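What follows is a set of notes on a single structure, which appears directly below.
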Amino acid sequence: MDIYWVILFIVLVSLFIERLVRKLKISSFDQRYVVVTGCDTGFGNMLAKRLDAMQFHVFAGCFTSKAVTQLTEECSRNMTAIQVDVSKDASIEQMLETVKRKLPEDKVLKEHGRIVNASSVVGRFAAGPATYVVSKHCVEAFSDVLRRELYRTGVKVCIVEPGAFKTGILDPSAQLKRLDNKVNSLPKEIKGKLREDYISKSLARFIKDTSHASIKFNEVIDAYIHAIIARYPLKRYLVGKDANYFMRALWLLPECASDFIIDKFSGVDINKE
């Protein structure tokens, strides 16, 4: 029986030491540089402003010139807002050239920097729109492979996996537009088999499923900040109660059980009655 107490003691001490180690931070924020994309709105915008307030040098990638102007006016001289379309290689190259002009050396490798990728809890457990889920699984796989490839360089790769938060992607009007586009793109023979109220039913289900979404955006930004400034960051940051409890429980269950639960929560009959 004593051995169990010894094991318990070792586990508790290990957890305590890990918690202390995770609180250690890097120094000299004003001499460090961070590139953030998706800074027009949402988490990217909030993260760029938080980093600027912490005196980091920030390169903020924005899709619109309006966002570039706003960030430039609202932030300090350490903020360099750059218009970029991350779906176009040429645009990405232009942004990289701007960054390189201010960073004559490759600081990611030389300074043992880090890469923090934005994923989602649905990158761990597939539930939701197929295109979104697949894209997040790609982020997870890419990040895992990259982390292992860079293991000996000292460059750290982290993944932030938020649950449901009330950002623009959960806006009902945006979802209605996505549903309309989806249905209109279907072949006639498939579209003809859909129930007439498919869109309204799907939208109602979407609104119900996302009603629990959190508005505590700072939880996500705090995760990004820890991944950036912690001396020993986590490999993954699950953010939100739904991600840490509900979704975690689902991926531990047998598929037959998790499929049944997901269907009860989110299933919609698509065929005509």
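The way I read the labels, and the way they are meant: chains A, B, ... in the order of the structure tokens, residue 1 as the first residue of every chain, and ligand 1 as the first ligand shown, with later ones counted on from there.
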
If we count only C-alpha atoms, what is near Phe217 (chain A) at a cut-off of 9 Å, once residues fewer than 5 positions away on the same chain are taken out, given as a PyMOL selection string? chain A and resi 42-43+46+165-167+222

Keeping N, CA, C and O atoms, export the residues of the selection given above as a CSV table (one decimal), in the first residue's frame.
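Dumped everything to again_2.csv:
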```csv
chain,number,residue,atom,x,y,z
A,42,GLY,N,-11.3,40.0,-34.9
A,42,GLY,CA,-11.2,38.7,-34.1
A,42,GLY,C,-9.9,38.6,-33.3
A,42,GLY,O,-9.3,39.5,-32.8
A,43,PHE,N,-9.5,37.3,-33.1
A,43,PHE,CA,-8.4,37.0,-32.2
A,43,PHE,C,-7.1,37.6,-32.7
A,43,PHE,O,-6.3,38.1,-31.9
A,46,MET,N,-7.0,41.3,-31.7
A,46,MET,CA,-6.8,41.4,-30.3
A,46,MET,C,-5.4,41.1,-29.9
A,46,MET,O,-4.8,41.7,-29.0
A,165,PHE,N,-16.3,30.1,-29.6
A,165,PHE,CA,-16.3,31.5,-29.1
A,165,PHE,C,-17.1,32.4,-30.1
A,165,PHE,O,-17.1,32.1,-31.3
A,166,LYS,N,-17.8,33.4,-29.6
A,166,LYS,CA,-18.7,34.2,-30.4
A,166,LYS,C,-17.9,35.2,-31.3
A,166,LYS,O,-18.0,36.4,-31.1
A,167,THR,N,-17.2,34.6,-32.2
A,167,THR,CA,-16.5,35.5,-33.2
A,167,THR,C,-17.4,35.5,-34.5
A,167,THR,O,-18.5,34.9,-34.5
A,222,ASP,N,-5.0,35.0,-24.0
A,222,ASP,CA,-4.0,34.6,-22.9
A,222,ASP,C,-3.3,33.3,-23.3
A,222,ASP,O,-2.1,33.2,-23.0
```

DSSP strand (DSSP E or B) selection over region 6-192 of chain A, as a PyMOL selection string: chain A and resi 25+33-36+57-62+79-83+114-118+156-162+165

Excluding region 147-155 of chain A and residues on its chain fewer than 2 positions from it, collect all residues at most 6 Å away from it, counting only C-alpha atoms, and give them as a count of residues only. 7

Enumerate, as a ChimeraX atom specification, the complete set of residues in region 5-228 of chain A that a backbone-based DSSP assignment places in helix (DSSP H, G or I). /A:5-22,29-31,42-53,65-74,89-102,107-110,121-123,130-149,151-153,168-170,172-184,188-191,198-209,217-228

Considering only C-alpha atoms, can you say which of A:Ala130, A:Val6, A:Met79, A:Leu194 comes closest to Lys49 (chain A)? A:Met79

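In this comparison, which uses only C-alpha atoms, the residue of A:Gln175, A:Thr37, A:Thr210, A:Ser14 approaching Asn117 (chain A) most closely is A:Thr37.
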
Need to verify the contact set: Arg22 (chain A), 8 Å, only C-alpha atoms, exclusion of same-chain residues closer than 5 positions in sequence. Can you return it as a PDB file with all heavy atoms, in the first residue's frame?
```pdb
ATOM      1  N   ALA A 230       6.153  32.279 -22.671  1.00  0.00           N
ATOM      2  CA  ALA A 230       6.596  31.270 -21.709  1.00  0.00           C
ATOM      3  C   ALA A 230       7.932  30.687 -22.143  1.00  0.00           C
ATOM      4  O   ALA A 230       8.153  30.418 -23.318  1.00  0.00           O
ATOM      5  CB  ALA A 230       5.556  30.163 -21.582  1.00  0.00           C
ATOM      6  N   ARG A 231       8.821  30.490 -21.189  1.00  0.00           N
ATOM      7  CA  ARG A 231      10.101  29.871 -21.514  1.00  0.00           C
ATOM      8  C   ARG A 231       9.897  28.421 -21.930  1.00  0.00           C
ATOM      9  O   ARG A 231      10.603  27.900 -22.790  1.00  0.00           O
ATOM     10  CB  ARG A 231      11.035  29.949 -20.306  1.00  0.00           C
ATOM     11  CG  ARG A 231      12.472  29.546 -20.606  1.00  0.00           C
ATOM     12  CD  ARG A 231      13.391  29.850 -19.454  1.00  0.00           C
ATOM     13  NE  ARG A 231      13.441  31.294 -19.180  1.00  0.00           N
ATOM     14  CZ  ARG A 231      14.124  31.810 -18.162  1.00  0.00           C
ATOM     15  NH1 ARG A 231      14.788  31.039 -17.334  1.00  0.00           N
ATOM     16  NH2 ARG A 231      14.137  33.119 -17.979  1.00  0.00           N
ATOM     17  N   TYR A 232       8.901  27.790 -21.329  1.00  0.00           N
ATOM     18  CA  TYR A 232       8.587  26.403 -21.671  1.00  0.00           C
ATOM     19  C   TYR A 232       7.090  26.304 -21.995  1.00  0.00           C
ATOM     20  O   TYR A 232       6.293  25.897 -21.151  1.00  0.00           O
ATOM     21  CB  TYR A 232       8.946  25.465 -20.511  1.00  0.00           C
ATOM     22  CG  TYR A 232      10.391  25.566 -20.101  1.00  0.00           C
ATOM     23  CD1 TYR A 232      10.766  26.280 -18.957  1.00  0.00           C
ATOM     24  CD2 TYR A 232      11.396  24.963 -20.847  1.00  0.00           C
ATOM     25  CE1 TYR A 232      12.087  26.387 -18.582  1.00  0.00           C
ATOM     26  CE2 TYR A 232      12.726  25.059 -20.477  1.00  0.00           C
ATOM     27  CZ  TYR A 232      13.066  25.773 -19.353  1.00  0.00           C
ATOM     28  OH  TYR A 232      14.384  25.881 -18.990  1.00  0.00           O
ATOM     29  N   PRO A 233       6.700  26.697 -23.196  1.00  0.00           N
ATOM     30  CA  PRO A 233       5.272  26.689 -23.556  1.00  0.00           C
ATOM     31  C   PRO A 233       4.739  25.268 -23.715  1.00  0.00           C
ATOM     32  O   PRO A 233       5.513  24.313 -23.892  1.00  0.00           O
ATOM     33  CB  PRO A 233       5.250  27.439 -24.888  1.00  0.00           C
ATOM     34  CG  PRO A 233       6.599  27.155 -25.485  1.00  0.00           C
ATOM     35  CD  PRO A 233       7.551  27.115 -24.326  1.00  0.00           C
ATOM     36  N   LEU A 234       3.416  25.158 -23.670  1.00  0.00           N
ATOM     37  CA  LEU A 234       2.778  23.877 -23.923  1.00  0.00           C
ATOM     38  C   LEU A 234       2.816  23.560 -25.415  1.00  0.00           C
ATOM     39  O   LEU A 234       2.963  24.451 -26.249  1.00  0.00           O
ATOM     40  CB  LEU A 234       1.322  23.924 -23.448  1.00  0.00           C
ATOM     41  CG  LEU A 234       1.077  24.177 -21.958  1.00  0.00           C
ATOM     42  CD1 LEU A 234      -0.417  24.407 -21.715  1.00  0.00           C
ATOM     43  CD2 LEU A 234       1.593  23.031 -21.118  1.00  0.00           C
TER      44      LEU A 234
END
```
